[in-house]
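So this one's input-v1.cif, mmCIF, C-alpha atoms:
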```cif
data_coords
#
loop_
_atom_site.label_atom_id
_atom_site.label_comp_id
_atom_site.auth_asym_id
_atom_site.auth_seq_id
_atom_site.Cartn_x
_atom_site.Cartn_y
_atom_site.Cartn_z
CA MET Y 2 49.36 30.97 -17.99
CA ALA Y 3 51.17 28.81 -20.52
CA PHE Y 4 50.44 25.52 -22.18
CA TYR Y 5 53.50 23.57 -23.18
CA GLU Y 6 54.13 21.43 -26.20
CA SER Y 7 53.61 17.73 -25.90
CA SER Y 8 53.84 14.95 -28.44
CA TYR Y 9 50.28 15.61 -29.62
CA MET Y 10 49.71 19.28 -28.89
CA PRO Y 11 51.61 22.24 -30.32
CA ARG Y 12 52.84 24.93 -27.98
CA MET Y 13 50.31 27.64 -27.20
CA THR Y 14 50.66 30.63 -24.95
CA LEU Y 15 47.81 32.54 -23.38
CA GLU Y 16 48.44 35.69 -21.41
CA LEU Y 17 45.79 37.38 -19.32
CA THR Y 18 45.96 40.90 -17.98
CA GLN Y 19 44.47 41.70 -14.59
CA SER Y 20 41.32 43.03 -16.26
CA GLY Y 21 41.07 39.75 -18.20
CA VAL Y 22 41.38 37.75 -14.99
CA ASN Y 23 38.67 39.91 -13.40
CA GLN Y 24 36.43 39.34 -16.43
CA VAL Y 25 36.95 35.55 -16.29
CA ASN Y 26 36.18 35.58 -12.56
CA ALA Y 27 33.01 37.58 -13.22
CA ILE Y 28 31.92 35.05 -15.88
CA PHE Y 29 32.46 32.12 -13.48
CA LYS Y 30 30.56 33.94 -10.72
CA ALA Y 31 27.64 34.60 -13.09
CA LEU Y 32 27.78 30.99 -14.30
CA GLY Y 33 27.56 29.79 -10.71
CA GLU Y 34 24.29 31.66 -10.35
CA LYS Y 35 23.04 30.60 -13.81
CA LEU Y 36 24.16 26.95 -13.79
CA GLY Y 37 21.96 25.56 -11.07
CA ARG Y 38 20.86 21.98 -10.74
CA LYS Y 39 17.72 22.65 -12.74
CA GLU Y 40 19.66 23.82 -15.80
CA VAL Y 41 22.23 21.02 -15.57
CA LYS Y 42 19.46 18.39 -15.25
CA LYS Y 43 17.78 19.80 -18.33
CA VAL Y 44 21.03 19.75 -20.33
CA PHE Y 45 21.91 16.19 -19.22
CA ARG Y 46 18.44 14.89 -20.04
CA MET Y 47 18.66 16.48 -23.49
CA GLY Y 48 22.03 14.80 -24.01
CA ALA Y 49 20.73 11.44 -22.77
CA LYS Y 50 17.70 11.41 -25.06
CA PRO Y 51 19.45 9.93 -28.15
CA ILE Y 52 20.85 7.07 -26.02
CA VAL Y 53 17.45 6.39 -24.43
CA VAL Y 54 15.72 6.36 -27.84
CA SER Y 55 18.35 4.02 -29.28
CA ALA Y 56 18.18 1.64 -26.29
CA LYS Y 57 14.38 1.49 -26.49
CA ALA Y 58 14.68 0.60 -30.18
CA LYS Y 59 17.26 -2.15 -29.50
CA VAL Y 60 15.80 -3.83 -26.39
CA PRO Y 61 14.15 -7.18 -27.14
CA VAL Y 62 10.45 -7.50 -26.28
CA SER Y 63 9.07 -10.88 -25.26
CA GLY Y 64 6.52 -12.59 -27.47
CA LYS Y 65 4.82 -14.14 -24.42
CA LYS Y 66 1.51 -12.69 -23.24
CA SER Y 67 2.79 -12.51 -19.65
CA TRP Y 68 5.04 -14.31 -17.17
CA GLN Y 69 5.44 -14.34 -13.41
CA THR Y 70 8.36 -13.91 -11.09
CA GLU Y 71 8.56 -14.63 -7.39
CA HIS Y 72 10.50 -12.35 -5.05
CA LYS Y 73 11.28 -12.39 -1.37
CA HIS Y 74 9.80 -9.30 0.25
CA TRP Y 75 10.44 -8.01 3.75
CA SER Y 76 7.79 -5.94 5.49
CA LYS Y 77 7.67 -5.14 9.21
CA GLY Y 78 10.31 -7.76 9.96
CA LYS Y 79 8.49 -10.58 8.21
CA GLU Y 80 9.52 -12.29 5.01
CA THR Y 81 6.80 -12.91 2.46
CA LYS Y 82 6.79 -14.04 -1.14
CA LEU Y 83 5.68 -11.51 -3.69
CA VAL Y 84 4.52 -12.79 -7.07
CA ARG Y 85 4.51 -10.26 -9.90
CA THR Y 86 2.98 -10.66 -13.32
CA HIS Y 87 5.02 -9.08 -16.10
CA LYS Y 88 3.78 -8.06 -19.52
CA PRO Y 89 5.79 -7.65 -22.74
CA GLY Y 90 7.41 -4.25 -23.12
CA GLU Y 91 7.99 -3.54 -19.41
CA LEU Y 92 11.75 -3.44 -19.86
CA LYS Y 93 11.39 -1.11 -22.84
CA ARG Y 94 9.10 1.24 -20.87
CA SER Y 95 11.52 1.25 -17.94
CA ILE Y 96 14.44 2.66 -19.93
CA GLY Y 97 15.00 6.28 -19.02
CA THR Y 98 17.13 8.59 -16.90
CA ILE Y 99 17.66 9.09 -13.19
CA MET Y 100 19.55 12.11 -11.86
CA SER Y 101 21.95 11.69 -8.96
CA LYS Y 102 21.16 13.37 -5.65
CA ASP Y 103 23.82 16.03 -6.24
CA GLY Y 104 22.20 16.84 -9.59
CA PHE Y 105 25.44 16.69 -11.58
CA SER Y 106 25.43 13.03 -12.70
CA ILE Y 107 22.91 11.04 -14.71
CA TYR Y 108 22.11 7.32 -14.95
CA ILE Y 109 20.75 6.02 -18.25
CA GLY Y 110 19.17 2.58 -18.40
CA PRO Y 111 16.37 0.41 -17.04
CA ARG Y 112 14.79 1.85 -13.92
CA MET Y 113 13.53 -0.21 -10.99
CA GLY Y 114 10.57 0.55 -8.81
CA THR Y 115 7.04 -0.35 -7.94
CA SER Y 116 5.31 1.24 -10.93
CA ARG Y 117 4.88 -0.58 -14.23
CA ALA Y 118 6.90 2.14 -15.97
CA ASN Y 119 9.86 1.41 -13.69
CA ASP Y 120 9.85 -2.36 -13.57
CA GLY Y 121 13.13 -3.03 -15.37
CA TRP Y 122 14.90 -4.81 -12.52
CA TYR Y 123 15.79 -7.73 -14.83
CA GLY Y 124 17.51 -5.60 -17.50
CA HIS Y 125 20.98 -6.85 -16.55
CA PHE Y 126 19.90 -10.44 -17.29
CA VAL Y 127 18.90 -9.40 -20.81
CA GLU Y 128 21.99 -7.24 -21.37
CA PHE Y 129 24.59 -9.74 -20.09
CA GLY Y 130 22.74 -13.08 -20.22
CA THR Y 131 22.89 -15.78 -17.56
CA SER Y 132 24.92 -18.92 -17.16
CA SER Y 133 23.54 -22.42 -16.86
CA THR Y 134 22.58 -23.09 -13.25
CA GLY Y 135 21.69 -26.74 -13.56
CA TRP Y 136 18.00 -25.77 -13.62
CA GLY Y 137 18.10 -24.62 -17.20
CA LYS Y 138 20.32 -23.81 -20.12
CA GLY Y 139 20.80 -20.12 -19.27
CA ILE Y 140 19.79 -17.05 -21.22
CA PRO Y 141 22.01 -15.71 -24.03
CA ALA Y 142 23.07 -12.07 -23.82
CA LYS Y 143 21.08 -9.61 -25.91
CA PRO Y 144 22.90 -6.31 -25.35
CA PHE Y 145 20.91 -3.14 -25.88
CA MET Y 146 22.48 -0.52 -23.59
CA ARG Y 147 26.14 -0.88 -24.58
CA PRO Y 148 25.47 -0.77 -28.34
CA SER Y 149 23.25 2.28 -27.80
CA TRP Y 150 25.98 4.00 -25.79
CA ASP Y 151 28.66 3.19 -28.38
CA GLU Y 152 26.43 4.42 -31.20
CA LYS Y 153 25.11 7.64 -29.62
CA LYS Y 154 27.69 8.82 -27.06
CA ASN Y 155 29.29 11.37 -29.41
CA GLU Y 156 25.88 12.80 -30.29
CA ALA Y 157 25.06 13.05 -26.57
CA ILE Y 158 28.35 14.81 -25.82
CA ASP Y 159 27.77 17.23 -28.71
CA ILE Y 160 24.29 18.09 -27.40
CA ILE Y 161 25.59 18.66 -23.88
CA ALA Y 162 28.49 20.81 -25.15
CA ARG Y 163 26.17 22.86 -27.40
CA GLU Y 164 23.60 23.45 -24.65
CA LEU Y 165 26.23 24.33 -22.04
CA GLY Y 166 27.78 26.67 -24.61
CA LYS Y 167 24.42 28.41 -24.99
CA LEU Y 168 24.26 28.83 -21.21
CA PHE Y 169 27.80 30.24 -21.16
CA GLU Y 170 26.97 32.70 -23.94
CA SER Y 171 23.81 33.82 -22.16
CA VAL Y 172 25.83 35.07 -19.18
CA ARG Y 173 26.20 38.84 -19.26
CA VAL Y 174 29.24 40.28 -17.52
CA LYS Y 175 28.78 43.78 -16.13
#
```
Conversion result in structure tokens:
Amino acid sequence: MAFYESSYMPRMTLELTQSGVNQVNAIFKALGEKLGRKEVKKVFRMGAKPIVVSAKAKVPVSGKKSWQTEHKHWSKGKETKLVRTHKPGELKRSIGTIMSKDGFSIYIGPRMGTSRANDGWYGHFVEFGTSSTGWGKGIPAKPFMRPSWDEKKNEAIDIIARELGKLFESVRVK
């Protein structure tokens, strides 16, 4: 196996003997057994934590006591109107992580759902703002996710690399 020189990388050569190839294969086999979804989820959540903490610190919280929104809701083929009362801090409480179904991707941001902890459906309006619709003057953007990502992404990557490195080192090859 050889790596060739490019404009930014000096030439390096790596030679593996058959026993070295067998050892690398044994490490990957052991890693396959060790690196299950549970471990990867744990590592990703650890890496996401600095971004979540930063976003929760940056998200604006309304000074109003409460406000209401009206939604169209479909149930058993019938459309109804659903009125929800929102309290300050709901968007902040909704910021967290959601793992993908395959277990090898993570979403960081406001979560949507029926519980008060996951009622951040309007986070994109806060992050990106709205334009004037003729009914009002629009809402100015107050970004909280992008600045958090820009500020903490390197820390998150370092945590993920360090924790995956610990998992790699914990694999014993027989």
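Put simply, the PyMOL selection byres ((chain Y and resi 153) around 12) in this file takes in Y:Gly48, Y:Ala49, Y:Lys50, Y:Pro51, Y:Ile52, Y:Val53, Y:Val54, Y:Ser55, Y:Ala56, Y:Met146, Y:Arg147, Y:Pro148, Y:Ser149, Y:Trp150, Y:Asp151, Y:Glu152, Y:Lys154, Y:Asn155, Y:Glu156, Y:Ala157, Y:Ile158, Y:Asp159, Y:Ile160.
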Next, the residues of the selection above should be written as a PDB file, keeping the file's coordinate frame with C-alpha atoms.
```pdb
ATOM      1  CA  GLY Y  48      22.030  14.800 -24.010  1.00  0.00           C
ATOM      2  CA  ALA Y  49      20.730  11.440 -22.770  1.00  0.00           C
ATOM      3  CA  LYS Y  50      17.700  11.410 -25.060  1.00  0.00           C
ATOM      4  CA  PRO Y  51      19.450   9.930 -28.150  1.00  0.00           C
ATOM      5  CA  ILE Y  52      20.850   7.070 -26.020  1.00  0.00           C
ATOM      6  CA  VAL Y  53      17.450   6.390 -24.430  1.00  0.00           C
ATOM      7  CA  VAL Y  54      15.720   6.360 -27.840  1.00  0.00           C
ATOM      8  CA  SER Y  55      18.350   4.020 -29.280  1.00  0.00           C
ATOM      9  CA  ALA Y  56      18.180   1.640 -26.290  1.00  0.00           C
ATOM     10  CA  MET Y 146      22.480  -0.520 -23.590  1.00  0.00           C
ATOM     11  CA  ARG Y 147      26.140  -0.880 -24.580  1.00  0.00           C
ATOM     12  CA  PRO Y 148      25.470  -0.770 -28.340  1.00  0.00           C
ATOM     13  CA  SER Y 149      23.250   2.280 -27.800  1.00  0.00           C
ATOM     14  CA  TRP Y 150      25.980   4.000 -25.790  1.00  0.00           C
ATOM     15  CA  ASP Y 151      28.660   3.190 -28.380  1.00  0.00           C
ATOM     16  CA  GLU Y 152      26.430   4.420 -31.200  1.00  0.00           C
ATOM     17  CA  LYS Y 154      27.690   8.820 -27.060  1.00  0.00           C
ATOM     18  CA  ASN Y 155      29.290  11.370 -29.410  1.00  0.00           C
ATOM     19  CA  GLU Y 156      25.880  12.800 -30.290  1.00  0.00           C
ATOM     20  CA  ALA Y 157      25.060  13.050 -26.570  1.00  0.00           C
ATOM     21  CA  ILE Y 158      28.350  14.810 -25.820  1.00  0.00           C
ATOM     22  CA  ASP Y 159      27.770  17.230 -28.710  1.00  0.00           C
ATOM     23  CA  ILE Y 160      24.290  18.090 -27.400  1.00  0.00           C
TER      24      ILE Y 160
END
```
Translate the PyMOL selection byres ((chain Y and resi 130) around 12) into a concrete residue list for this structure, as a compact mmCIF listing (two decimals) with C-alpha atoms, in the coordinates of the input.
```txt
# COMPACT_ATOMS: atom_id res chain seq x y z
CA TYR Y 123 15.79 -7.73 -14.83
CA GLY Y 124 17.51 -5.60 -17.50
CA HIS Y 125 20.98 -6.85 -16.55
CA PHE Y 126 19.90 -10.44 -17.29
CA VAL Y 127 18.90 -9.40 -20.81
CA GLU Y 128 21.99 -7.24 -21.37
CA PHE Y 129 24.59 -9.74 -20.09
CA THR Y 131 22.89 -15.78 -17.56
CA SER Y 132 24.92 -18.92 -17.16
CA SER Y 133 23.54 -22.42 -16.86
CA LYS Y 138 20.32 -23.81 -20.12
CA GLY Y 139 20.80 -20.12 -19.27
CA ILE Y 140 19.79 -17.05 -21.22
CA PRO Y 141 22.01 -15.71 -24.03
CA ALA Y 142 23.07 -12.07 -23.82
CA LYS Y 143 21.08 -9.61 -25.91
CA PRO Y 144 22.90 -6.31 -25.35
CA PHE Y 145 20.91 -3.14 -25.88
```
Open item on the list: Using Å and a single decimal, report how far atom CA of Val60 of chain Y sits from atom CA of Val84 of chain Y.
Closed with: 24.1 Å
Hey, can I get the axis-aligned box for segment 38-53 of chain Y? All listed atoms, 8 Å padding on each side, centre and edge lengths in Å to one decimal, as JSON.
```
{"center_x": 19.8, "center_y": 15.1, "center_z": -19.4, "size_x": 20.8, "size_y": 33.4, "size_z": 33.4}
```
Open item on the list: List as a PyMOL selection string the residues having at least one atom at most 12 Å from position (17.7, 20.1, -19.4) as given in the file, counting only C-alpha atoms.
Closed with: chain Y and resi 36-50+98+100+104-105+107+160-161+163-165+168
TODO: Kindly resolve the PyMOL selection byres ((chain Y and resi 73) around 9) on the present coordinates and return the residues as a PyMOL selection string.
DONE: chain Y and resi 71-72+74-75+80-84
May I have the selected residues written with C-alpha atoms, as a PDB file, in the frame of the given file?
```
ATOM      1  CA  GLU Y  71       8.560 -14.630  -7.390  1.00  0.00           C
ATOM      2  CA  HIS Y  72      10.500 -12.350  -5.050  1.00  0.00           C
ATOM      3  CA  HIS Y  74       9.800  -9.300   0.250  1.00  0.00           C
ATOM      4  CA  TRP Y  75      10.440  -8.010   3.750  1.00  0.00           C
ATOM      5  CA  GLU Y  80       9.520 -12.290   5.010  1.00  0.00           C
ATOM      6  CA  THR Y  81       6.800 -12.910   2.460  1.00  0.00           C
ATOM      7  CA  LYS Y  82       6.790 -14.040  -1.140  1.00  0.00           C
ATOM      8  CA  LEU Y  83       5.680 -11.510  -3.690  1.00  0.00           C
ATOM      9  CA  VAL Y  84       4.520 -12.790  -7.070  1.00  0.00           C
TER      10      VAL Y  84
END
```
Could you add whatever atoms are missing so that segment 44-57 of chain Y carries N, CA and C atoms, then write the result as a short mmCIF file (atom, residue, chain, number, x, y, z; two decimals), in the coordinates of the input?
```cif
data_model
loop_
_atom_site.label_atom_id
_atom_site.label_comp_id
_atom_site.auth_asym_id
_atom_site.auth_seq_id
_atom_site.Cartn_x
_atom_site.Cartn_y
_atom_site.Cartn_z
N VAL Y 44 19.99 19.98 -19.32
CA VAL Y 44 21.03 19.75 -20.33
C VAL Y 44 21.38 18.26 -20.39
N PHE Y 45 21.57 17.61 -19.24
CA PHE Y 45 21.91 16.19 -19.22
C PHE Y 45 20.80 15.34 -19.81
N ARG Y 46 19.56 15.66 -19.49
CA ARG Y 46 18.44 14.89 -20.04
C ARG Y 46 18.35 15.06 -21.56
N MET Y 47 18.64 16.27 -22.05
CA MET Y 47 18.66 16.48 -23.49
C MET Y 47 19.76 15.64 -24.13
N GLY Y 48 20.91 15.59 -23.50
CA GLY Y 48 22.03 14.80 -24.01
C GLY Y 48 21.75 13.31 -23.96
N ALA Y 49 21.01 12.87 -22.94
CA ALA Y 49 20.73 11.44 -22.77
C ALA Y 49 19.66 10.94 -23.73
N LYS Y 50 18.84 11.83 -24.24
CA LYS Y 50 17.70 11.41 -25.06
C LYS Y 50 18.07 10.51 -26.25
N PRO Y 51 19.12 10.83 -27.04
CA PRO Y 51 19.45 9.93 -28.15
C PRO Y 51 19.82 8.51 -27.69
N ILE Y 52 20.47 8.39 -26.54
CA ILE Y 52 20.85 7.07 -26.02
C ILE Y 52 19.61 6.31 -25.57
N VAL Y 53 18.70 7.01 -24.89
CA VAL Y 53 17.45 6.39 -24.43
C VAL Y 53 16.63 5.89 -25.62
N VAL Y 54 16.49 6.74 -26.64
CA VAL Y 54 15.72 6.36 -27.84
C VAL Y 54 16.35 5.15 -28.52
N SER Y 55 17.66 5.14 -28.65
CA SER Y 55 18.35 4.02 -29.28
C SER Y 55 18.18 2.74 -28.47
N ALA Y 56 18.32 2.83 -27.15
CA ALA Y 56 18.18 1.64 -26.29
C ALA Y 56 16.76 1.08 -26.37
N LYS Y 57 15.76 1.96 -26.39
CA LYS Y 57 14.38 1.49 -26.49
C LYS Y 57 14.14 0.79 -27.83
#
```
